[in-house]
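> Coordinates in data.txt, compact mmCIF, C-alpha atoms and all ligand atoms, are listed below.
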```
# COMPACT_ATOMS: atom_id res chain seq x y z
CA MET G 238 -12.70 15.63 -40.82
CA GLY G 239 -12.37 14.41 -37.22
CA LEU G 240 -8.61 14.20 -37.59
CA ALA G 241 -8.41 17.74 -39.02
CA LEU G 242 -10.48 19.03 -36.12
CA ALA G 243 -8.24 17.24 -33.61
CA LEU G 244 -5.14 18.70 -35.29
CA LEU G 245 -6.63 22.19 -35.21
CA PHE G 246 -7.26 21.66 -31.50
CA VAL G 247 -3.68 20.60 -30.80
CA VAL G 248 -2.11 23.33 -32.93
CA ASN G 249 -4.27 25.98 -31.24
CA ALA G 250 -2.77 25.04 -27.89
CA PHE G 251 0.62 26.37 -29.06
CA ILE G 252 -0.47 29.69 -30.55
CA ARG G 253 0.55 32.79 -28.62
CA SER G 254 -1.88 35.50 -27.68
CA PRO G 255 -0.46 39.04 -28.13
CA SER G 256 -3.49 40.59 -26.41
CA SER G 257 -3.05 38.39 -23.32
CA GLU G 258 0.68 39.13 -23.27
CA HIS G 259 -0.03 42.85 -23.47
CA LEU G 260 -2.35 42.61 -20.47
CA ALA G 261 0.11 40.44 -18.52
CA ALA G 262 2.90 42.98 -19.12
CA ARG G 263 1.19 45.27 -16.59
CA TYR G 264 2.01 42.88 -13.77
CA PHE G 265 4.82 40.63 -14.98
CA SER G 266 8.19 41.12 -16.63
CA THR G 267 8.84 40.01 -20.21
CA LEU G 268 11.10 37.27 -18.87
CA GLU G 269 8.41 35.96 -16.53
CA ILE G 270 5.83 35.90 -19.33
CA GLU G 271 8.29 34.21 -21.68
CA ARG G 272 9.31 31.56 -19.15
CA GLY G 273 5.69 30.78 -18.24
CA LEU G 274 4.76 30.34 -21.91
CA GLN G 275 7.74 28.13 -22.63
CA PHE G 276 7.21 25.89 -19.59
CA SER G 277 3.51 25.52 -20.29
CA GLN G 278 4.17 24.67 -23.95
CA GLU G 279 6.64 21.94 -23.03
CA ARG G 280 4.15 20.42 -20.61
CA LYS G 281 1.35 20.71 -23.13
CA LEU G 282 3.46 18.92 -25.71
CA LEU G 283 3.80 16.03 -23.26
CA PHE G 284 0.09 16.12 -22.50
CA TRP G 285 -0.83 15.81 -26.18
CA LEU G 286 1.79 13.11 -26.64
CA ALA G 287 0.30 11.06 -23.79
CA THR G 288 -3.22 11.73 -25.05
CA GLY G 289 -2.31 10.76 -28.64
CA LEU G 290 -0.54 7.56 -27.57
CA GLN G 291 -3.40 6.45 -25.36
CA PHE G 292 -5.94 7.21 -28.05
CA ALA G 293 -3.88 5.33 -30.67
CA LEU G 294 -3.59 2.28 -28.42
CA LEU G 295 -7.28 2.10 -27.55
CA ALA G 296 -8.47 2.95 -31.06
CA SER G 297 -6.22 0.30 -32.64
CA LEU G 298 -7.68 -2.29 -30.28
CA VAL G 299 -11.27 -1.17 -30.75
CA CYS G 300 -11.26 -0.56 -34.51
CA SER G 301 -9.66 -3.90 -35.33
CA PRO G 302 -10.53 -7.52 -34.49
CA TRP G 303 -7.67 -7.50 -31.90
CA ALA G 304 -9.91 -6.90 -28.89
CA ARG G 305 -12.10 -9.83 -30.00
CA HIS G 306 -9.05 -12.08 -30.58
CA LEU G 307 -7.51 -11.13 -27.22
CA ALA G 308 -10.72 -11.89 -25.30
CA ASP G 309 -11.20 -15.20 -27.17
CA TRP G 310 -7.62 -16.21 -26.48
CA PHE G 311 -8.01 -15.48 -22.74
CA ALA G 312 -11.37 -17.32 -22.74
CA ARG G 313 -9.62 -20.45 -24.06
CA ILE G 314 -7.02 -20.18 -21.26
CA THR G 315 -9.67 -19.79 -18.54
CA GLY G 316 -11.92 -22.48 -19.97
CA GLY G 317 -14.58 -19.93 -20.83
CA ARG G 318 -15.00 -18.63 -17.29
CA TRP G 319 -16.42 -15.15 -17.83
CA PHE G 320 -15.17 -13.31 -14.77
CA LEU G 321 -11.64 -14.75 -15.03
CA THR G 322 -11.49 -13.82 -18.71
CA LEU G 323 -12.58 -10.30 -17.81
CA PHE G 324 -9.84 -10.17 -15.16
CA LEU G 325 -7.18 -11.14 -17.73
CA VAL G 326 -8.41 -8.64 -20.35
CA ALA G 327 -8.47 -5.92 -17.65
CA THR G 328 -4.94 -6.82 -16.53
CA ALA G 329 -3.55 -6.78 -20.08
CA LEU G 330 -5.15 -3.40 -20.77
CA PHE G 331 -3.95 -1.94 -17.46
CA PHE G 332 -0.32 -2.80 -18.18
CA LEU G 333 -0.52 -1.73 -21.84
CA ILE G 334 -1.79 1.72 -20.78
CA GLU G 335 0.89 1.97 -18.09
CA ALA G 336 3.61 0.92 -20.55
CA ILE G 337 2.79 3.78 -22.91
CA SER G 338 2.26 6.41 -20.21
CA LEU G 339 5.40 5.66 -18.16
CA PRO G 340 7.93 7.15 -20.65
CA VAL G 341 5.85 10.33 -21.01
CA SER G 342 5.60 10.69 -17.21
CA PHE G 343 9.33 10.21 -16.94
CA ALA G 344 9.83 12.92 -19.57
CA SER G 345 7.67 15.31 -17.52
CA LEU G 346 9.85 14.66 -14.47
CA GLU G 347 12.87 15.59 -16.58
CA VAL G 348 11.12 18.74 -17.86
CA SER G 349 10.41 19.75 -14.24
CA ARG G 350 14.03 19.11 -13.40
CA ALA G 351 15.24 21.17 -16.37
CA TRP G 352 13.09 24.08 -15.14
CA ASN G 353 14.44 23.69 -11.62
CA MET G 354 10.98 22.88 -10.29
CA THR G 355 12.23 19.66 -8.71
CA ASP G 356 15.49 17.98 -7.78
CA ARG G 357 14.04 14.68 -6.60
CA SER G 358 15.82 11.46 -7.50
CA VAL G 359 14.49 9.07 -10.12
CA GLU G 360 14.37 6.44 -7.40
CA SER G 361 12.03 8.44 -5.16
CA TRP G 362 9.91 9.26 -8.21
CA LEU G 363 9.70 5.57 -9.14
CA ILE G 364 8.62 4.64 -5.61
CA ASP G 365 5.73 7.13 -5.80
CA ARG G 366 4.91 5.84 -9.27
CA ALA G 367 4.76 2.25 -7.97
CA LYS G 368 2.49 3.31 -5.09
CA GLY G 369 0.26 5.14 -7.56
CA LEU G 370 0.20 2.08 -9.79
CA ALA G 371 -0.87 -0.17 -6.89
CA LEU G 372 -3.60 2.26 -5.92
CA GLY G 373 -4.65 2.63 -9.55
CA ALA G 374 -4.86 -1.16 -9.89
CA VAL G 375 -7.21 -1.43 -6.90
CA GLU G 376 -9.48 1.27 -8.37
CA TRP G 377 -9.28 -0.25 -11.86
CA TYR G 378 -10.34 -3.76 -10.80
CA LEU G 379 -13.04 -2.46 -8.45
CA MET G 380 -14.57 -0.25 -11.14
CA ILE G 381 -14.39 -2.79 -13.95
CA GLY G 382 -15.55 -5.67 -11.73
CA GLY G 383 -18.44 -3.58 -10.40
CA LEU G 384 -19.47 -2.31 -13.83
CA TYR G 385 -19.45 -5.76 -15.45
CA ALA G 386 -21.29 -7.33 -12.51
CA LEU G 387 -24.05 -4.71 -12.91
CA MET G 388 -24.16 -5.29 -16.68
CA ALA G 389 -24.52 -9.04 -16.17
CA TRP G 390 -27.11 -8.86 -13.41
CA PHE G 391 -29.19 -5.93 -14.71
CA PRO G 392 -28.89 -6.02 -18.51
CA LYS G 393 -31.52 -3.29 -18.98
CA ARG G 394 -30.99 -0.78 -16.17
CA TRP G 395 -27.30 -1.25 -15.39
CA TRP G 396 -26.43 2.26 -16.53
CA LEU G 397 -28.75 3.77 -13.94
CA LEU G 398 -27.26 1.67 -11.14
CA ALA G 399 -23.70 2.32 -12.35
CA GLY G 400 -24.37 6.05 -12.29
CA ALA G 401 -25.79 5.84 -8.77
CA ALA G 402 -22.85 3.68 -7.65
CA ALA G 403 -20.42 6.22 -9.10
CA MET G 404 -22.07 8.97 -7.05
CA VAL G 405 -21.79 6.92 -3.85
CA LEU G 406 -18.18 6.03 -4.66
CA GLY G 407 -17.41 9.69 -5.30
CA VAL G 408 -18.71 10.62 -1.86
CA VAL G 409 -16.79 7.79 -0.17
CA TYR G 410 -13.63 8.70 -2.07
CA ALA G 411 -13.85 12.37 -1.09
CA LEU G 412 -14.43 11.31 2.50
CA VAL G 413 -11.52 8.88 2.82
CA MET G 414 -9.04 10.66 0.54
CA PRO G 415 -7.43 12.89 3.20
CA GLU G 416 -7.26 10.08 5.77
CA TRP G 417 -6.27 7.04 3.73
CA ILE G 418 -5.08 7.95 0.28
CA GLN G 419 -3.06 11.14 0.46
CA PRO G 420 -0.90 9.94 3.42
CA ILE G 421 0.40 7.17 1.12
CA PHE G 422 2.35 9.83 -0.77
CA ASN G 423 2.95 12.65 1.73
CA ARG G 424 3.22 13.40 5.40
CA PHE G 425 0.63 15.74 6.91
CA THR G 426 1.20 17.62 10.16
CA PRO G 427 -1.04 20.14 11.93
CA LEU G 428 -0.12 23.77 11.25
CA GLU G 429 2.06 24.82 14.16
CA ASP G 430 2.17 28.57 13.54
CA ILE G 431 -0.21 29.83 16.25
CA TYR G 432 -0.28 33.32 14.76
CA LEU G 433 -1.46 32.00 11.41
CA ARG G 434 -3.94 29.61 13.02
CA LYS G 435 -5.53 32.52 14.87
CA ARG G 436 -5.93 34.44 11.65
CA ILE G 437 -7.59 31.43 10.01
CA GLU G 438 -10.00 31.05 12.91
CA ILE G 439 -11.04 34.68 12.57
CA LEU G 440 -11.59 34.24 8.82
CA ALA G 441 -13.61 31.05 9.32
CA GLN G 442 -15.74 32.73 11.95
CA LYS G 443 -16.45 35.61 9.58
CA ALA G 444 -17.37 33.13 6.84
CA GLY G 445 -19.64 31.20 9.19
CA VAL G 446 -17.92 27.88 8.52
CA GLU G 447 -16.58 25.53 11.10
CA ILE G 448 -12.85 25.07 10.81
CA SER G 449 -11.92 21.42 11.19
CA ASP G 450 -8.23 21.26 10.55
CA VAL G 451 -5.35 23.09 8.93
CA GLU G 452 -2.50 20.84 7.88
CA VAL G 453 0.89 21.25 6.31
CA MET G 454 1.95 18.80 3.61
CA ASP G 455 5.60 18.00 2.92
CA ALA G 456 5.21 18.88 -0.77
CA SER G 457 8.93 19.76 -0.90
CA ARG G 458 9.51 15.99 -1.22
CA GLN G 459 8.19 16.16 -4.77
CA GLY G 460 9.39 19.59 -5.87
CA ARG G 461 9.16 23.36 -5.53
CA HIS G 462 5.54 23.75 -6.58
CA THR G 463 3.60 25.96 -4.12
CA ASN G 464 -0.11 25.53 -3.46
CA ALA G 465 -2.93 25.22 -0.95
CA TYR G 466 -6.16 23.28 -1.29
CA PHE G 467 -9.26 22.18 0.55
CA VAL G 468 -10.29 18.55 0.71
CA GLY G 469 -12.70 16.06 2.31
CA PHE G 470 -15.99 16.86 3.93
CA GLY G 471 -17.85 16.24 7.15
CA PRO G 472 -15.38 14.94 9.72
CA THR G 473 -12.44 14.77 7.28
CA ARG G 474 -12.62 18.23 5.72
CA ARG G 475 -9.51 20.32 6.04
CA VAL G 476 -7.35 22.98 4.47
CA VAL G 477 -3.92 21.83 3.39
CA LEU G 478 -0.95 24.15 2.89
CA TYR G 479 2.15 23.04 1.00
CA ASP G 480 5.27 23.44 3.12
CA THR G 481 6.80 25.14 0.06
CA LEU G 482 4.08 27.80 0.25
CA LEU G 483 4.72 28.42 3.94
CA GLN G 484 8.44 28.62 3.25
CA THR G 485 8.09 31.21 0.47
CA HIS G 486 5.72 33.36 2.53
CA THR G 487 7.11 33.20 6.04
CA GLY G 488 10.69 32.04 5.46
CA TRP G 489 13.70 33.95 4.26
CA ARG G 490 13.57 34.54 0.55
CA PRO G 491 16.76 35.46 -1.33
CA GLU G 492 15.34 38.81 -2.45
CA THR G 493 14.39 39.70 1.15
CA ILE G 494 17.92 38.97 2.31
CA ALA G 495 19.34 41.00 -0.60
CA ALA G 496 17.03 43.95 0.17
CA MET G 497 17.89 43.71 3.88
CA SER G 498 21.63 43.81 3.31
CA GLY G 499 21.07 46.78 0.99
CA SER G 500 19.10 48.70 3.60
CA ALA G 501 21.58 47.70 6.35
CA VAL G 502 24.34 49.34 4.34
CA LEU G 503 22.30 52.44 3.57
CA GLY G 504 20.26 52.90 6.74
CA GLY G 505 21.84 50.73 9.42
CA PRO G 506 20.69 47.57 11.23
CA LEU G 507 17.44 49.12 12.54
CA CYS G 508 16.35 49.92 9.02
CA ALA G 509 17.14 46.36 7.91
CA ALA G 510 15.17 44.93 10.86
CA SER G 511 12.12 47.03 10.11
CA LEU G 512 12.28 45.98 6.46
CA ALA G 513 12.39 42.31 7.57
CA ALA G 514 9.36 42.84 9.82
CA GLU G 515 7.51 44.52 6.97
CA ARG G 516 8.25 41.66 4.56
CA GLN G 517 7.24 39.11 7.20
CA SER G 518 3.92 40.83 7.81
CA ALA G 519 3.29 41.11 4.05
CA GLY G 520 3.91 37.36 3.74
CA TYR G 521 1.31 36.66 6.43
CA ASP G 522 -1.22 38.93 4.75
CA GLU G 523 -0.75 37.02 1.51
CA LEU G 524 -1.20 33.69 3.28
CA GLU G 525 -4.35 35.05 4.86
CA THR G 526 -5.88 35.80 1.46
CA ILE G 527 -4.87 32.34 0.19
CA LEU G 528 -6.57 30.73 3.19
CA GLY G 529 -9.56 33.05 2.73
CA HIS G 530 -9.85 31.59 -0.77
CA GLU G 531 -9.90 28.01 0.57
CA ILE G 532 -12.47 28.94 3.22
CA GLY G 533 -14.48 30.52 0.39
CA HIS G 534 -14.71 27.09 -1.24
CA TRP G 535 -16.28 25.77 1.97
CA GLN G 536 -18.56 28.73 2.33
CA HIS G 537 -19.98 28.01 -1.12
CA ASP G 538 -20.15 24.21 -0.61
CA HIS G 539 -18.03 23.57 -3.69
CA ILE G 540 -17.26 19.97 -2.70
CA TYR G 541 -20.94 19.01 -2.57
CA LYS G 542 -21.73 20.88 -5.75
CA GLY G 543 -18.76 19.33 -7.54
CA LEU G 544 -19.76 15.83 -6.46
CA ALA G 545 -23.37 16.34 -7.51
CA LEU G 546 -22.42 17.73 -10.94
CA GLY G 547 -19.80 15.01 -11.47
CA GLY G 548 -22.33 12.33 -10.52
CA LEU G 549 -24.88 13.67 -13.01
CA ALA G 550 -22.24 13.76 -15.74
CA VAL G 551 -21.28 10.13 -15.04
CA LEU G 552 -24.94 9.12 -15.12
CA ALA G 553 -25.41 10.76 -18.53
CA GLY G 554 -22.17 9.14 -19.72
CA MET G 555 -23.31 5.70 -18.55
CA PHE G 556 -26.61 6.05 -20.38
CA LEU G 557 -24.78 6.94 -23.59
CA MET G 558 -22.37 4.08 -23.09
CA SER G 559 -25.20 1.58 -22.62
CA ARG G 560 -26.66 2.61 -25.99
CA LEU G 561 -23.31 2.41 -27.78
CA LEU G 562 -22.43 -0.97 -26.25
CA SER G 563 -25.80 -2.41 -27.28
CA ALA G 564 -25.18 -1.08 -30.79
CA ALA G 565 -21.77 -2.82 -30.88
CA VAL G 566 -23.28 -6.26 -30.19
CA GLY G 567 -22.78 -8.51 -33.23
CA ARG G 568 -21.38 -5.66 -35.31
CA ALA G 569 -17.99 -5.38 -37.04
CA PRO G 570 -15.30 -4.73 -35.93
CA PHE G 571 -16.35 -5.35 -32.31
CA TYR G 572 -18.42 -8.56 -32.62
CA LEU G 573 -19.52 -8.34 -28.98
CA LYS G 574 -21.65 -11.26 -27.83
CA SER G 575 -23.42 -9.03 -25.27
CA PRO G 576 -22.72 -5.62 -23.66
CA ALA G 577 -21.05 -7.54 -20.78
CA ASP G 578 -18.62 -9.27 -23.18
CA PRO G 579 -15.01 -8.84 -21.88
CA ALA G 580 -13.98 -8.09 -25.49
CA GLY G 581 -15.85 -4.78 -25.11
CA LEU G 582 -13.55 -3.51 -22.36
CA PRO G 583 -11.20 -1.54 -24.66
CA LEU G 584 -14.30 0.08 -26.20
CA ILE G 585 -15.59 0.98 -22.70
CA VAL G 586 -12.23 2.50 -21.75
CA LEU G 587 -12.01 4.39 -25.07
CA LEU G 588 -15.54 5.78 -24.65
CA SER G 589 -14.81 6.83 -21.05
CA THR G 590 -11.56 8.49 -22.11
CA VAL G 591 -13.17 10.37 -24.99
CA GLY G 592 -16.07 11.28 -22.68
CA GLY G 593 -13.54 12.68 -20.22
CA TRP G 594 -11.97 14.86 -22.94
CA VAL G 595 -15.32 16.12 -24.15
CA ALA G 596 -16.33 16.94 -20.57
CA MET G 597 -13.00 18.66 -19.82
CA PRO G 598 -13.91 22.17 -21.06
CA VAL G 599 -17.28 22.03 -19.28
CA GLN G 600 -15.70 20.74 -16.08
CA ASN G 601 -13.02 23.44 -16.28
CA ALA G 602 -15.61 26.16 -16.89
CA VAL G 603 -17.48 25.08 -13.74
CA SER G 604 -14.19 24.93 -11.84
CA ARG G 605 -13.23 28.45 -12.97
CA GLY G 606 -16.63 29.66 -11.79
CA PHE G 607 -16.00 28.11 -8.36
CA GLU G 608 -12.53 29.64 -8.23
CA ARG G 609 -13.88 33.09 -9.01
CA GLN G 610 -16.41 32.69 -6.19
CA ALA G 611 -13.64 31.64 -3.80
CA ASP G 612 -11.50 34.60 -4.91
CA MET G 613 -14.38 36.95 -4.21
CA ALA G 614 -14.81 35.34 -0.77
CA ALA G 615 -11.09 35.82 -0.09
CA LEU G 616 -11.39 39.52 -0.91
CA GLU G 617 -14.50 39.95 1.22
CA LEU G 618 -13.18 37.94 4.18
CA ALA G 619 -9.61 39.21 4.39
CA GLY G 620 -10.31 42.65 2.87
CA LYS G 621 -6.71 42.89 1.63
CA PRO G 622 -6.76 43.30 -2.16
CA ASP G 623 -3.11 44.36 -2.35
CA ALA G 624 -2.00 41.25 -0.48
CA PHE G 625 -4.26 39.21 -2.79
CA ILE G 626 -2.56 40.69 -5.85
CA GLU G 627 0.91 40.09 -4.40
CA ALA G 628 0.03 36.49 -3.51
CA GLU G 629 -1.24 35.92 -7.04
CA LYS G 630 1.94 37.36 -8.55
CA ARG G 631 4.17 35.40 -6.24
CA MET G 632 2.41 32.08 -6.83
CA ALA G 633 2.51 32.66 -10.60
CA ARG G 634 6.26 33.37 -10.46
CA ASP G 635 7.08 30.52 -8.11
CA ASN G 636 5.17 28.00 -10.22
CA ILE G 637 6.33 29.43 -13.60
CA ALA G 638 2.67 29.83 -14.52
CA ASN G 639 1.55 30.77 -17.99
CA VAL G 640 0.26 34.23 -17.16
CA ALA G 641 -0.74 35.01 -20.74
CA PRO G 642 -2.73 32.02 -22.03
CA THR G 643 -4.89 32.37 -25.13
CA PRO G 644 -8.66 32.31 -24.45
CA PHE G 645 -8.70 28.91 -26.21
CA ASN G 646 -6.11 27.53 -23.79
CA THR G 647 -7.99 28.83 -20.79
CA TRP G 648 -11.22 27.38 -22.10
CA LEU G 649 -9.69 23.96 -22.67
CA PHE G 650 -7.14 23.50 -19.90
CA SER G 651 -7.56 25.96 -17.07
CA THR G 652 -9.18 24.91 -13.82
CA HIS G 653 -8.43 28.44 -12.52
CA PRO G 654 -8.88 31.84 -14.20
CA PRO G 655 -5.57 33.18 -15.58
CA PRO G 656 -3.50 35.06 -12.94
CA VAL G 657 -4.04 38.35 -14.79
CA ASP G 658 -7.84 37.96 -14.61
CA ARG G 659 -7.66 37.25 -10.88
CA ILE G 660 -5.48 40.33 -10.33
CA GLU G 661 -7.90 42.45 -12.37
CA MET G 662 -10.75 41.16 -10.23
CA ALA G 663 -8.94 42.33 -7.09
CA GLU G 664 -8.22 45.72 -8.70
CA LYS G 665 -11.91 46.16 -9.49
CA TRP G 666 -12.89 45.12 -5.98
CA LYS G 667 -10.50 47.72 -4.58
CA GLN G 668 -12.02 50.42 -6.78
CA ARG G 669 -15.52 49.51 -5.63
CA GLU G 670 -14.50 49.57 -1.96
CA LYS G 671 -12.98 53.03 -2.36
CA GLN G 672 -16.24 54.52 -3.67
ZN ZN G 701 -9.46 27.32 -5.23
```
Represent the structure contained in this file as structure tokens.

Amino acid sequence: MGLALALLFVVNAFIRSPSSEHLAARYFSTLEIERGLQFSQERKLLFWLATGLQFALLASLVCSPWARHLADWFARITGGRWFLTLFLVATALFFLIEAISLPVSFASLEVSRAWNMTDRSVESWLIDRAKGLALGAVEWYLMIGGLYALMAWFPKRWWLLAGAAAMVLGVVYALVMPEWIQPIFNRFTPLEDIYLRKRIEILAQKAGVEISDVEVMDASRQGRHTNAYFVGFGPTRRVVLYDTLLQTHTGWRPETIAAMSGSAVLGGPLCAASLAAERQSAGYDELETILGHEIGHWQHDHIYKGLALGGLAVLAGMFLMSRLLSAAVGRAPFYLKSPADPAGLPLIVLLSTVGGWVAMPVQNAVSRGFERQADMAALELAGKPDAFIEAEKRMARDNIANVAPTPFNTWLFSTHPPPVDRIEMAEKWKQREKQ
């Protein structure tokens, strides 16, 4: 029954939606819709592959005596020292998970390459992967060490303390991420374009938020993906623009050059120059709406709300986990000696992973709600619905987005509303403004 449901879930992710495609055809060409669908299906295939492999690994450990045997074997090596045994079980599990996820990650690099979304070398990719692994290891040991220490010291109320600790950690992580973590992978420089900075200041003033910093990230290192995001809070909050996004909006695009040479032939150099100026100004208007969206996230305190909701979800998850771990004590196939038994670690990781999947649609629904609010703020602040629509179209094209996802796909995977929905929102806003 469970397996059939899971299969239905997976299969549903690959079904096309004629009604969505029909709607998308108003704004995108057949080729663009087709390419977006194809690219998203290839990536989804990899996602399900990674998910299936991880689930199979954890489930085979948990639903067999292997986890028990592994922990007992390590306990013999360490002379029964609990914390050292835990460390060895955690290390084994960390490398097992990495070993099965590495090939899938490599395949997704190759898919990106095949779609011309990146031309980075395998070497540079591996270096980033190694950095990520080192960072992941620090987080992994801290979380597992902390969780087990709480379970050992507070056998009854550990879930409450773990939930509270997760909230504090979430806040600290959000605070230090832009300063300590992201610079490990990319270089961040202040936005130099004074003209654009001025526009942002005006937007922020209108929104009543204090602008801390606008930075440009060298995302072109990793590929051609374009994006902008907001991050951090308090003293570290900032808006980050991908250099690829700046390039596509303020730089020379091939189609601009083609249109310019066309108009130079037909109308002379003056005509070409005025076309270039027009395209340049349109690019800035689009950037303004994108930045208006990011400022909208601040205006609505989405970071605080996200942290609070995430913290509550972790607290609920910890409570559930404490009940399940207690139930697994002395029972086949787990044979845990106590909830803090290192042999229970694969079960803890499996429960957290499954919890993450179950929470995914809820988390995405909340995220889409936030994104809609930020979109509305962008429309209100910049007051340029046409530029908003153009920016949406351009980002969708540049990122080979799936512009016609099925409602099921949106519900399960999308952190943002589909591009067509966002365009429709801008169209409606424009209609309302006209009245
Ligand atoms: Zn957003």
> If you count only C-alpha atoms and all ligand atoms, which residues end up within 7 Å of ligand ZN 701 (chain G), as number ranges by chain?
G: 466, 530-531, 534, 608, 611
> What is the distance, in Å and to one decimal place, between CA of Lys667 in chain G and CA of Ala261 in chain G?
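Spanning CA of Lys667 in chain G to CA of Ala261 in chain G is a straight-line distance of 19.0 Å.
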> Kindly give the distance, in Å, that separates CA of His306 in chain G and CA of Ile585 in chain G, rounded to a single decimal.
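Those two atoms sit 16.6 Å apart.
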> Expressed in Å to a single decimal, how great is the separation between CA of Ala374 in chain G and CA of Phe331 in chain G?
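Interatomic distance, CA of Ala374 in chain G to CA of Phe331 in chain G: 7.7 Å.
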> Write out, as a tab-separated table, each residue of range 288-390 of chain G that has an atom at most 12 Å from range 593-603 of chain G, together with the closest pair of atoms and their distance in Å to one decimal, counting all atoms listed in the file, rows going by chain and rising number.

```
residue	atom	partner	partner_atom	distance
G:Thr288	CA	G:Trp594	CA	9.5
G:Gly289	CA	G:Trp594	CA	11.9
G:Phe292	CA	G:Trp594	CA	11.0
```
> What's around Trp352 in chain G at 12 Å? Count only C-alpha atoms, leave out sequence neighbours fewer than 6 positions away in its own chain, and write the answer as a PyMOL selection string.
chain G and resi 272-273+275-277+279-280+345-346+460-462+635-638
> Using all atoms listed in the file, which of G:Ala250, G:Ala243, G:Ile270, G:Ala293 sits nearest Phe650 in chain G?
G:Ala250
> Between G:Glu347, G:Asp480, G:Glu376, G:Glu523, single out the one closest to Val359 in chain G, counting only C-alpha atoms.
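For Val359 in chain G, the nearest of the given residues is G:Glu347.
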> Could you check which of G:Leu298, G:Leu398, G:Leu330, G:Ala456 is closest to Pro420 in chain G, using all atoms listed in the file?
G:Ala456
> Rank nothing, just name the residue among G:Met404, G:Val640, G:Val468, G:Ile421 nearest to Ile364 in chain G, using only C-alpha atoms.
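Comparing G:Met404, G:Val640, G:Val468, G:Ile421 against Ile364 in chain G, the winner is G:Ile421.
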> Choose the residue, out of G:Arg366, G:Thr643, G:Leu478, G:Asp658, that has the smallest atom-to-atom separation from Thr463 in chain G; count only C-alpha atoms.
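When distances to Thr463 in chain G are compared using only C-alpha atoms, the smallest one comes from G:Leu478.
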> Give as a PyMOL selection string each residue that has an atom at most 12 Å from (-22.3, 5.5, -17.4) in the file, counting all atoms listed in the file.
chain G and resi 380-381+384-385+387-388+394-404+547-562+585-586+588-589+592-593
> Using all atoms listed in the file, which of G:Ile431, G:Asp578, G:Thr485, G:Ser301 sits nearest Phe320 in chain G?
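The shortest atom-to-atom distance to Phe320 in chain G comes from G:Asp578.
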> Could you pull the residues within 6 Å of Ala580 in chain G, counting all atoms listed in the file, minus those fewer than 5 positions along the same chain, as a compact mmCIF listing (two decimals) with C-alpha atoms, in the frame of the given file?

```
# COMPACT_ATOMS: atom_id res chain seq x y z
CA ALA G 304 -9.91 -6.90 -28.89
CA ARG G 305 -12.10 -9.83 -30.00
CA ALA G 308 -10.72 -11.89 -25.30
```
> Neighbouring residues of Pro302 in chain G were defined as those with any atom within 12 Å, considering only C-alpha atoms; residues of the same chain fewer than 3 positions away were excluded. Please report them as a short mmCIF file (atom, residue, chain, number, x, y, z; two decimals) with C-alpha atoms, in the frame of the given file.

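Output saved as out_20.cif:
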```cif
data_model
loop_
_atom_site.label_atom_id
_atom_site.label_comp_id
_atom_site.auth_asym_id
_atom_site.auth_seq_id
_atom_site.Cartn_x
_atom_site.Cartn_y
_atom_site.Cartn_z
CA ALA G 296 -8.47 2.95 -31.06
CA SER G 297 -6.22 0.30 -32.64
CA LEU G 298 -7.68 -2.29 -30.28
CA VAL G 299 -11.27 -1.17 -30.75
CA ARG G 305 -12.10 -9.83 -30.00
CA HIS G 306 -9.05 -12.08 -30.58
CA LEU G 307 -7.51 -11.13 -27.22
CA ALA G 308 -10.72 -11.89 -25.30
CA ASP G 309 -11.20 -15.20 -27.17
CA ARG G 568 -21.38 -5.66 -35.31
CA ALA G 569 -17.99 -5.38 -37.04
CA PRO G 570 -15.30 -4.73 -35.93
CA PHE G 571 -16.35 -5.35 -32.31
CA TYR G 572 -18.42 -8.56 -32.62
CA LEU G 573 -19.52 -8.34 -28.98
CA ALA G 580 -13.98 -8.09 -25.49
CA GLY G 581 -15.85 -4.78 -25.11
CA PRO G 583 -11.20 -1.54 -24.66
CA LEU G 584 -14.30 0.08 -26.20
#
```
> Counting only C-alpha atoms, find the residues whose atoms lie at most 12 Å from (1.9, 8.7, -0.2) (file coordinates) and write them out as a PyMOL selection string.
chain G and resi 361-362+364-372+414-425+454-456+458-459
